[in-house]
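One structure below.
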Amino acid sequence: MHIEPSFRKRYHKALSDTAMLKAVKNGTGRLRGQRATAIEAVGAERWMEFRNRAEAIRMHVIQHLDQYLEQLIDNVLKKGGHVCLAKTGEEAVQYISELAKKKNAKSILKSKSMVSEEIHLNPALEKQGCKVIESDLGEWIIQLAGETPSHIIAPAMHKNRFQVADLFNAVSDEKIPTEIADLCGFARKYLREKFLGIDIGITGCNFALADSGAITLCTNEGNARIISALSPTLVTIMGMERILPGLEELTVMLSLLARSATGQKLTVYNTLSTGVRKAEELDGPQEFHLVIVDNGRSKQLGTKYEKILNCIRCGSCLNACPVYRNIGGHAYGWVYPGPIGAVLSPLYQGMDKYGELAYATTLCGACTFACPVKIPLHDMLYALRNDKVELEKKGELAEDIAYKGWSATFASMSRYRFSIRMARRFQFPLVKAEKIAFGPPPISDWLKHRDMPALPNKFFHEIWPEMNKDRKE
Ligand code: SF4
């Protein structure tokens with residue numbers, strides 16, 4: 001999938017894709033509604049208690065990450081697993097690729113993992129001749145389309161059922177109807193066969209428990225638990241921050257994750273798997289590898305952005321964000337979209353590549369309000385804008401000019417009144433039905449997607465003396 005290098009080009013492309021925008025609006029609207037119902041059932045006060053508790057748990061873990069990492073690694077090794085602590089994405093890919101070579105793996109079955117997208121694992125494995133099959137429905141759809149995910153929890157949110165049916169028809173001998181039930185039925189039948197004869201299974205990790213070395217997998221389709229049960233060699237890949245001390249903390253996070261993500265009380269399947277199969281066990285891997293990926297995470301420790309490591313990837317901030325809802329996920333250009341992506345991408349991938357995303361926000365704060373672990377996302381986006389200006393020793397040119405003009409105008413009453421008089425006069429040819437109908441760039445970009453009311457003939461402060469005069473009389 002070709003990704004345009006500039007954010008401006010990407011969002012322009014997104015804004016012209018009406019089918020995608022409709023699908024994203026429907027999808028985010030549905031998830032927001034489900035989340036609101038779930039919170040209402042819990043009660044606002046109790047929800048806030050949950051969030052406070054979750055924030056405290058996550059902050060405690062991040063502030064003691066070295067200890068918890070050590071404990072987790074010890075426990076995985078004790079239970080017969082292998083651990084790779086990868087500083088970069090390349091190191092993680094190399095470790096898994098070498099393992100696949102050693103095992104002479106031909107068939108690799110994967111469950112959803114954002115980290116694997118982050119480090120481009122699939123293309124690397126495919127390059128060495130492995131057939132990698134995504135088992136999560138959304139991931140499989142975008143794999144068939146040759147695309148990347150556009151949402152953290154619903155990777156194919158940008159596609160409608162007709163587009164999905166076309167993709168399924170391309171791999172099927174029969175014509176698949178476009179009803180959701182038929183599409184799911186086909187995917188189930190097709191993917192079920194792939195579960196047999198796997199050489200290696202790869203899963204993501206929602207949370208790893210330090211005190212037992214257990215990996216928690218949350219799915220609604222049950223695919224990750226089948227992979228962890230059937231794969232002779234199992235690889236779990238996780239971001240280094242996805243740790244919890246133990247079961248007690250897990251119970252808080254699970255109910256928060258499900259409610260924030262989809263409005264469920266709990267995800268349908270919550271699997272805890274620990275190490276390799278024991279002699280008396282009927283299933284589970286004979287070999288287990290945990291790949292813990294840093295890839296820019298540890299650089300955030302102790303900085304003003306440290307709290308970003310609290311993220312539990314629920315996707316709630318995406319659904320709340322008016323920018324995401326209007327441009328979809330691919331416009332963000334990297335694997336993490338929405339407000340979380342707009343913060344993570346410049347932090348993990350560099351300000352030079354993704355600094356523009358600090359402007360992909362209205363700073364309305366809806367993301368912060370939606371975040372179950374209370375990450376101050378809009379404050380971070382604001383801080384990133386400051387960093388960008390500091391780094392480049394300049395702001396966005398248009399913004400610079402606009403704010404300088406704004407401040408000069410508002411600093412003097414006579415200048416302000418003069419500007420208003422001029423603006424009223426010059427807006428005249430652009431006005432239609434009391435709205436500015438067209439204008440030069442950048443106003444033309446703005447007008448394509450929003451209304452701009454024309455300046456009224458009189459402002460309140462101009463009417464006020466007249467009104468007051470009437471009152472006195
Ligand atoms: S930043 Fe918060 S709301 Fe967004 S995905 Fe992470 S945990 Fe969820």
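In the structure tokens, chains take the letters A, B, ... in the order shown, each chain's residues start at 1, and ligands count up from 1 in the order shown.
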Counting only C-alpha atoms and all ligand atoms, which protein, DNA or RNA residues come within 10 Å of ligand 1, given as a ChimeraX atom specification? /A:55,151-153,256-257,260-261,307-321,336-341,343-344,366-377
Proximity check segment 227-254 of chain A to segment 271-288 of chain A, 8 Å, nearest pairs one decimal Å, only C-alpha atoms, as a tab-separated table:
```
residue	atom	partner	partner_atom	distance
A:Ser228	CA	A:Gly284	CA	6.1
A:Ala229	CA	A:Gly284	CA	4.2
A:Leu230	CA	A:Gly284	CA	6.1
A:Ser231	CA	A:Pro285	CA	5.5
A:Pro232	CA	A:Pro285	CA	4.7
A:Thr233	CA	A:Glu287	CA	4.7
A:Leu234	CA	A:Phe288	CA	4.9
A:Val235	CA	A:Phe288	CA	6.0
A:Thr236	CA	A:Phe288	CA	7.9
```
Residue selection dump (N, CA, C and O atoms) as a short mmCIF file (atom, residue, chain, number, x, y, z; two decimals), in the first residue's frame:
```
data_model
loop_
_atom_site.label_atom_id
_atom_site.label_comp_id
_atom_site.auth_asym_id
_atom_site.auth_seq_id
_atom_site.Cartn_x
_atom_site.Cartn_y
_atom_site.Cartn_z
N SER A 228 -2.70 -20.23 20.40
CA SER A 228 -1.80 -20.56 21.52
C SER A 228 -1.95 -22.02 21.94
O SER A 228 -1.03 -22.60 22.49
N ALA A 229 -3.11 -22.60 21.64
CA ALA A 229 -3.29 -24.03 22.01
C ALA A 229 -2.69 -24.96 20.96
O ALA A 229 -2.14 -26.01 21.29
N LEU A 230 -2.79 -24.59 19.67
CA LEU A 230 -2.43 -25.54 18.61
C LEU A 230 -1.01 -25.41 18.05
O LEU A 230 -0.51 -26.34 17.42
N SER A 231 -0.37 -24.25 18.28
CA SER A 231 0.94 -24.06 17.63
C SER A 231 2.03 -24.87 18.33
O SER A 231 2.18 -24.76 19.55
N PRO A 232 2.81 -25.65 17.58
CA PRO A 232 3.93 -26.34 18.22
C PRO A 232 4.97 -25.34 18.73
O PRO A 232 5.52 -25.52 19.81
N THR A 233 5.17 -24.27 17.95
CA THR A 233 6.06 -23.19 18.41
C THR A 233 5.23 -21.92 18.46
O THR A 233 4.60 -21.54 17.47
N LEU A 234 5.24 -21.30 19.63
CA LEU A 234 4.43 -20.09 19.79
C LEU A 234 5.33 -18.89 20.06
O LEU A 234 6.22 -18.96 20.91
N VAL A 235 5.07 -17.82 19.32
CA VAL A 235 5.81 -16.58 19.56
C VAL A 235 4.80 -15.53 20.00
O VAL A 235 3.78 -15.32 19.33
N THR A 236 5.06 -14.89 21.13
CA THR A 236 4.21 -13.77 21.54
C THR A 236 5.05 -12.51 21.48
O THR A 236 6.18 -12.48 21.98
#
```
Proximity to Asp294 of chain A - best of A:Ala23, A:Leu69, A:Ala408, A:Val389, only C-alpha atoms: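 With only C-alpha atoms as the atom set, the closest residue is A:Leu69.
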Using DSSP on the backbone coordinates, identify the residues of segment 59-253 of chain A assigned to alpha helix (DSSP H); present them as a VMD selection string. chain A and resid 59 to 63 65 to 78 89 to 102 114 to 118 121 to 127 137 to 145 161 to 170 180 to 194 223 to 230 247 to 253
Pick out the closest residue to Asp166 of chain A from this set: A:Thr219, A:Thr178, A:Ser345, A:Thr148. Count only C-alpha atoms.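 Answer, going by the shortest atom-to-atom distance: A:Thr178.
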Rounded to one decimal in Å, what is the spacing between atom CA of Arg188 of chain A and atom CA of Pro149 of chain A?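 That distance, rounded to one decimal, is 20.1 Å.
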Skip segment 189-205 of chain A itself and residues of its chain fewer than 5 positions away, then list as a VMD selection string all residues within 6 Å of it, counting only C-alpha atoms. chain A and resid 105 107 to 113 217 227 231 233 to 238
When you look at Thr88 of chain A with a cut-off of 12 Å (counting only C-alpha atoms), what residues show up, excluding the ones that are within fewer than 2 positions of it in the same chain? I need them as an MDAnalysis selection string. chainID A and resid 84:86 90:95 115 118:120 239:240 291:299 348:349
Take the residues just selected and output them with N, CA and C atoms as a PDB file, in the first residue's frame.
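Output (selection_10.pdb):
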```
ATOM      1  N   CYS A  84      13.302 -12.710  24.097  1.00  0.00           N
ATOM      2  CA  CYS A  84      14.156 -11.796  23.316  1.00  0.00           C
ATOM      3  C   CYS A  84      13.760 -10.377  23.706  1.00  0.00           C
ATOM      4  N   LEU A  85      14.705  -9.622  24.224  1.00  0.00           N
ATOM      5  CA  LEU A  85      14.444  -8.226  24.565  1.00  0.00           C
ATOM      6  C   LEU A  85      15.017  -7.392  23.419  1.00  0.00           C
ATOM      7  N   ALA A  86      14.139  -6.951  22.530  1.00  0.00           N
ATOM      8  CA  ALA A  86      14.615  -6.301  21.300  1.00  0.00           C
ATOM      9  C   ALA A  86      14.620  -4.792  21.450  1.00  0.00           C
ATOM     10  N   GLU A  90      13.874  -3.909  14.151  1.00  0.00           N
ATOM     11  CA  GLU A  90      14.695  -4.786  13.287  1.00  0.00           C
ATOM     12  C   GLU A  90      15.194  -5.992  14.091  1.00  0.00           C
ATOM     13  N   GLU A  91      15.604  -5.735  15.334  1.00  0.00           N
ATOM     14  CA  GLU A  91      16.107  -6.844  16.168  1.00  0.00           C
ATOM     15  C   GLU A  91      15.012  -7.887  16.398  1.00  0.00           C
ATOM     16  N   ALA A  92      13.796  -7.391  16.643  1.00  0.00           N
ATOM     17  CA  ALA A  92      12.673  -8.304  16.888  1.00  0.00           C
ATOM     18  C   ALA A  92      12.371  -9.120  15.630  1.00  0.00           C
ATOM     19  N   VAL A  93      12.363  -8.437  14.471  1.00  0.00           N
ATOM     20  CA  VAL A  93      12.078  -9.120  13.206  1.00  0.00           C
ATOM     21  C   VAL A  93      13.156 -10.171  12.932  1.00  0.00           C
ATOM     22  N   GLN A  94      14.392  -9.794  13.194  1.00  0.00           N
ATOM     23  CA  GLN A  94      15.499 -10.724  12.934  1.00  0.00           C
ATOM     24  C   GLN A  94      15.366 -11.988  13.803  1.00  0.00           C
ATOM     25  N   TYR A  95      15.013 -11.781  15.060  1.00  0.00           N
ATOM     26  CA  TYR A  95      14.876 -12.922  15.976  1.00  0.00           C
ATOM     27  C   TYR A  95      13.790 -13.883  15.478  1.00  0.00           C
ATOM     28  N   VAL A 115       2.011  -4.384  17.470  1.00  0.00           N
ATOM     29  CA  VAL A 115       3.478  -4.287  17.464  1.00  0.00           C
ATOM     30  C   VAL A 115       4.043  -4.943  16.204  1.00  0.00           C
ATOM     31  N   GLU A 118       3.820  -2.570  13.579  1.00  0.00           N
ATOM     32  CA  GLU A 118       4.798  -1.500  13.832  1.00  0.00           C
ATOM     33  C   GLU A 118       6.178  -1.882  13.284  1.00  0.00           C
ATOM     34  N   ILE A 119       6.556  -3.155  13.408  1.00  0.00           N
ATOM     35  CA  ILE A 119       7.920  -3.543  13.021  1.00  0.00           C
ATOM     36  C   ILE A 119       7.949  -4.207  11.634  1.00  0.00           C
ATOM     37  N   HIS A 120       6.805  -4.229  10.944  1.00  0.00           N
ATOM     38  CA  HIS A 120       6.702  -4.806   9.589  1.00  0.00           C
ATOM     39  C   HIS A 120       7.129  -6.273   9.564  1.00  0.00           C
ATOM     40  N   GLY A 239       4.823  -4.943  23.236  1.00  0.00           N
ATOM     41  CA  GLY A 239       5.543  -3.708  23.549  1.00  0.00           C
ATOM     42  C   GLY A 239       6.022  -3.820  24.983  1.00  0.00           C
ATOM     43  N   MET A 240       7.175  -3.260  25.302  1.00  0.00           N
ATOM     44  CA  MET A 240       7.781  -3.499  26.620  1.00  0.00           C
ATOM     45  C   MET A 240       6.965  -2.930  27.787  1.00  0.00           C
ATOM     46  N   VAL A 291       8.792 -12.129  22.730  1.00  0.00           N
ATOM     47  CA  VAL A 291       9.615 -11.064  22.145  1.00  0.00           C
ATOM     48  C   VAL A 291       9.118  -9.728  22.699  1.00  0.00           C
ATOM     49  N   ILE A 292       9.973  -9.086  23.482  1.00  0.00           N
ATOM     50  CA  ILE A 292       9.603  -7.821  24.126  1.00  0.00           C
ATOM     51  C   ILE A 292      10.278  -6.685  23.346  1.00  0.00           C
ATOM     52  N   VAL A 293       9.443  -5.799  22.804  1.00  0.00           N
ATOM     53  CA  VAL A 293       9.973  -4.781  21.879  1.00  0.00           C
ATOM     54  C   VAL A 293      10.045  -3.401  22.550  1.00  0.00           C
ATOM     55  N   ASP A 294      11.203  -2.792  22.453  1.00  0.00           N
ATOM     56  CA  ASP A 294      11.371  -1.415  22.948  1.00  0.00           C
ATOM     57  C   ASP A 294      10.988  -0.435  21.821  1.00  0.00           C
ATOM     58  N   ASN A 295      11.812  -0.350  20.781  1.00  0.00           N
ATOM     59  CA  ASN A 295      11.510   0.460  19.586  1.00  0.00           C
ATOM     60  C   ASN A 295      11.054   1.886  19.904  1.00  0.00           C
ATOM     61  N   GLY A 296      11.747   2.547  20.784  1.00  0.00           N
ATOM     62  CA  GLY A 296      11.446   3.956  21.086  1.00  0.00           C
ATOM     63  C   GLY A 296      10.688   4.167  22.381  1.00  0.00           C
ATOM     64  N   ARG A 297      10.238   3.082  23.005  1.00  0.00           N
ATOM     65  CA  ARG A 297       9.429   3.235  24.214  1.00  0.00           C
ATOM     66  C   ARG A 297      10.255   3.733  25.395  1.00  0.00           C
ATOM     67  N   SER A 298      11.419   3.111  25.617  1.00  0.00           N
ATOM     68  CA  SER A 298      12.188   3.457  26.817  1.00  0.00           C
ATOM     69  C   SER A 298      12.662   4.914  26.776  1.00  0.00           C
ATOM     70  N   LYS A 299      12.735   5.498  25.569  1.00  0.00           N
ATOM     71  CA  LYS A 299      13.159   6.905  25.468  1.00  0.00           C
ATOM     72  C   LYS A 299      12.135   7.836  26.134  1.00  0.00           C
ATOM     73  N   TYR A 348       7.943   7.974  18.582  1.00  0.00           N
ATOM     74  CA  TYR A 348       8.647   6.727  18.260  1.00  0.00           C
ATOM     75  C   TYR A 348       9.402   6.806  16.929  1.00  0.00           C
ATOM     76  N   GLN A 349       8.840   7.554  15.974  1.00  0.00           N
ATOM     77  CA  GLN A 349       9.409   7.538  14.624  1.00  0.00           C
ATOM     78  C   GLN A 349      10.154   8.819  14.259  1.00  0.00           C
TER      79      GLN A 349
END
```
I'd like the contact shell of segment 31-37 of chain A - 9 Å cut-off, only C-alpha atoms, skipping same-chain residues fewer than 2 positions apart - returned as number ranges by chain. A: 26-29, 39-42, 258-264, 316, 319-320
Between atom CA of Ala454 of chain A and atom CA of Met422 of chain A, measure the distance and give it in Å to one decimal. 13.1 Å
Contacts of His12 of chain A at 10 Å (only C-alpha atoms; same-chain gap of 3+ positions) as a tab-separated table (two decimals) with C-alpha atoms, in the first residue's frame:
```
chain	number	residue	atom	x	y	z
A	7	PHE	CA	0.07	14.55	6.02
A	8	ARG	CA	-1.59	17.19	3.86
A	9	LYS	CA	-1.64	14.85	0.85
A	15	LEU	CA	-11.38	13.41	2.34
A	16	SER	CA	-12.13	12.38	-1.24
A	17	ASP	CA	-12.93	8.77	-0.29
A	327	ILE	CA	-10.29	11.49	7.91
A	331	ALA	CA	-4.25	9.58	6.84
A	445	ASP	CA	-9.72	23.97	1.90
```
Pick out each residue of segment 16-263 of chain A that DSSP on the backbone tags as strand (DSSP E); I need them as a ChimeraX atom specification. /A:82-86,107-110,131-134,200-203,207-209,214-219,233-239,243-244
Go ahead and save the picked residues with N, CA and C atoms, as an mmCIF file, in the first residue's frame.
```cif
data_model
loop_
_atom_site.group_PDB
_atom_site.id
_atom_site.type_symbol
_atom_site.label_atom_id
_atom_site.label_comp_id
_atom_site.auth_asym_id
_atom_site.auth_seq_id
_atom_site.Cartn_x
_atom_site.Cartn_y
_atom_site.Cartn_z
ATOM 1 N N HIS A 82 11.529 -18.877 26.131
ATOM 2 C CA HIS A 82 12.713 -18.109 25.724
ATOM 3 C C HIS A 82 12.283 -16.652 25.630
ATOM 4 N N VAL A 83 13.222 -15.747 25.891
ATOM 5 C CA VAL A 83 12.870 -14.325 25.831
ATOM 6 C C VAL A 83 13.853 -13.578 24.937
ATOM 7 N N CYS A 84 13.302 -12.710 24.097
ATOM 8 C CA CYS A 84 14.156 -11.796 23.316
ATOM 9 C C CYS A 84 13.760 -10.377 23.706
ATOM 10 N N LEU A 85 14.705 -9.622 24.224
ATOM 11 C CA LEU A 85 14.444 -8.226 24.565
ATOM 12 C C LEU A 85 15.017 -7.392 23.419
ATOM 13 N N ALA A 86 14.139 -6.951 22.530
ATOM 14 C CA ALA A 86 14.615 -6.301 21.300
ATOM 15 C C ALA A 86 14.620 -4.792 21.450
ATOM 16 N N SER A 107 4.237 -22.373 7.210
ATOM 17 C CA SER A 107 2.922 -21.798 7.472
ATOM 18 C C SER A 107 2.885 -21.139 8.857
ATOM 19 N N ILE A 108 2.602 -19.839 8.860
ATOM 20 C CA ILE A 108 2.574 -19.086 10.126
ATOM 21 C C ILE A 108 1.186 -18.471 10.291
ATOM 22 N N LEU A 109 0.579 -18.749 11.415
ATOM 23 C CA LEU A 109 -0.753 -18.207 11.678
ATOM 24 C C LEU A 109 -0.631 -17.135 12.759
ATOM 25 N N LYS A 110 -1.247 -16.002 12.496
ATOM 26 C CA LYS A 110 -1.080 -14.873 13.431
ATOM 27 C C LYS A 110 -2.413 -14.420 13.997
ATOM 28 N N LYS A 131 4.317 -18.498 4.498
ATOM 29 C CA LYS A 131 2.962 -18.027 4.218
ATOM 30 C C LYS A 131 2.381 -17.563 5.555
ATOM 31 N N VAL A 132 2.137 -16.273 5.660
ATOM 32 C CA VAL A 132 1.612 -15.727 6.924
ATOM 33 C C VAL A 132 0.120 -15.467 6.753
ATOM 34 N N ILE A 133 -0.675 -16.050 7.645
ATOM 35 C CA ILE A 133 -2.135 -15.845 7.545
ATOM 36 C C ILE A 133 -2.633 -15.167 8.812
ATOM 37 N N GLU A 134 -3.349 -14.071 8.620
ATOM 38 C CA GLU A 134 -3.960 -13.379 9.763
ATOM 39 C C GLU A 134 -5.244 -14.101 10.136
ATOM 40 N N ILE A 200 4.298 -22.332 12.974
ATOM 41 C CA ILE A 200 4.526 -21.363 14.057
ATOM 42 C C ILE A 200 3.262 -20.519 14.229
ATOM 43 N N GLY A 201 2.928 -20.245 15.474
ATOM 44 C CA GLY A 201 1.826 -19.319 15.749
ATOM 45 C C GLY A 201 2.407 -18.040 16.338
ATOM 46 N N ILE A 202 1.859 -16.913 15.921
ATOM 47 C CA ILE A 202 2.325 -15.633 16.491
ATOM 48 C C ILE A 202 1.119 -14.892 17.059
ATOM 49 N N THR A 203 1.232 -14.484 18.306
ATOM 50 C CA THR A 203 0.144 -13.697 18.903
ATOM 51 C C THR A 203 0.684 -12.367 19.400
ATOM 52 N N PHE A 207 -1.796 -8.004 27.930
ATOM 53 C CA PHE A 207 -1.037 -7.709 29.147
ATOM 54 C C PHE A 207 -0.194 -8.928 29.490
ATOM 55 N N ALA A 208 1.033 -8.691 29.976
ATOM 56 C CA ALA A 208 1.843 -9.791 30.502
ATOM 57 C C ALA A 208 1.896 -9.617 32.015
ATOM 58 N N LEU A 209 1.735 -10.706 32.744
ATOM 59 C CA LEU A 209 1.717 -10.604 34.204
ATOM 60 C C LEU A 209 3.102 -10.935 34.765
ATOM 61 N N ALA A 214 2.592 -15.001 32.878
ATOM 62 C CA ALA A 214 1.456 -15.354 32.000
ATOM 63 C C ALA A 214 1.200 -14.245 30.986
ATOM 64 N N ILE A 215 0.760 -14.678 29.799
ATOM 65 C CA ILE A 215 0.413 -13.745 28.735
ATOM 66 C C ILE A 215 -1.108 -13.709 28.630
ATOM 67 N N THR A 216 -1.679 -12.511 28.613
ATOM 68 C CA THR A 216 -3.141 -12.397 28.506
ATOM 69 C C THR A 216 -3.509 -11.991 27.084
ATOM 70 N N LEU A 217 -4.421 -12.756 26.499
ATOM 71 C CA LEU A 217 -4.887 -12.467 25.142
ATOM 72 C C LEU A 217 -6.385 -12.225 25.185
ATOM 73 N N CYS A 218 -6.821 -11.092 24.702
ATOM 74 C CA CYS A 218 -8.255 -10.776 24.709
ATOM 75 C C CYS A 218 -8.747 -10.718 23.262
ATOM 76 N N THR A 219 -9.669 -11.603 22.899
ATOM 77 C CA THR A 219 -10.256 -11.534 21.552
ATOM 78 C C THR A 219 -11.749 -11.840 21.641
ATOM 79 N N THR A 233 5.172 -24.271 17.947
ATOM 80 C CA THR A 233 6.062 -23.193 18.410
ATOM 81 C C THR A 233 5.229 -21.920 18.460
ATOM 82 N N LEU A 234 5.237 -21.296 19.627
ATOM 83 C CA LEU A 234 4.425 -20.086 19.787
ATOM 84 C C LEU A 234 5.329 -18.889 20.061
ATOM 85 N N VAL A 235 5.075 -17.819 19.318
ATOM 86 C CA VAL A 235 5.808 -16.575 19.560
ATOM 87 C C VAL A 235 4.796 -15.525 19.999
ATOM 88 N N THR A 236 5.061 -14.890 21.126
ATOM 89 C CA THR A 236 4.208 -13.765 21.537
ATOM 90 C C THR A 236 5.050 -12.510 21.478
ATOM 91 N N ILE A 237 4.481 -11.501 20.859
ATOM 92 C CA ILE A 237 5.236 -10.267 20.674
ATOM 93 C C ILE A 237 4.514 -9.139 21.411
ATOM 94 N N MET A 238 5.256 -8.381 22.196
ATOM 95 C CA MET A 238 4.611 -7.337 23.016
ATOM 96 C C MET A 238 5.481 -6.078 23.103
ATOM 97 N N GLY A 239 4.823 -4.943 23.236
ATOM 98 C CA GLY A 239 5.543 -3.708 23.549
ATOM 99 C C GLY A 239 6.022 -3.820 24.983
ATOM 100 N N ILE A 243 2.907 -4.485 30.671
ATOM 101 C CA ILE A 243 3.064 -5.368 31.834
ATOM 102 C C ILE A 243 2.113 -4.940 32.940
ATOM 103 N N LEU A 244 1.638 -5.912 33.706
ATOM 104 C CA LEU A 244 0.905 -5.637 34.931
ATOM 105 C C LEU A 244 1.538 -6.477 36.039
#
```
Between atom CA of Asp182 of chain A and atom CA of Asn169 of chain A, what distance in Å does the model show, to one decimal?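 These two atoms are separated by 11.9 Å.
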Which residues, written as an MDAnalysis selection string, have at least one atom at most 12 Å from Arg421 of chain A, with only C-alpha atoms counted and residues fewer than 5 positions away on the same chain left out? chainID A and resid 414:416 426:428 455:459 462
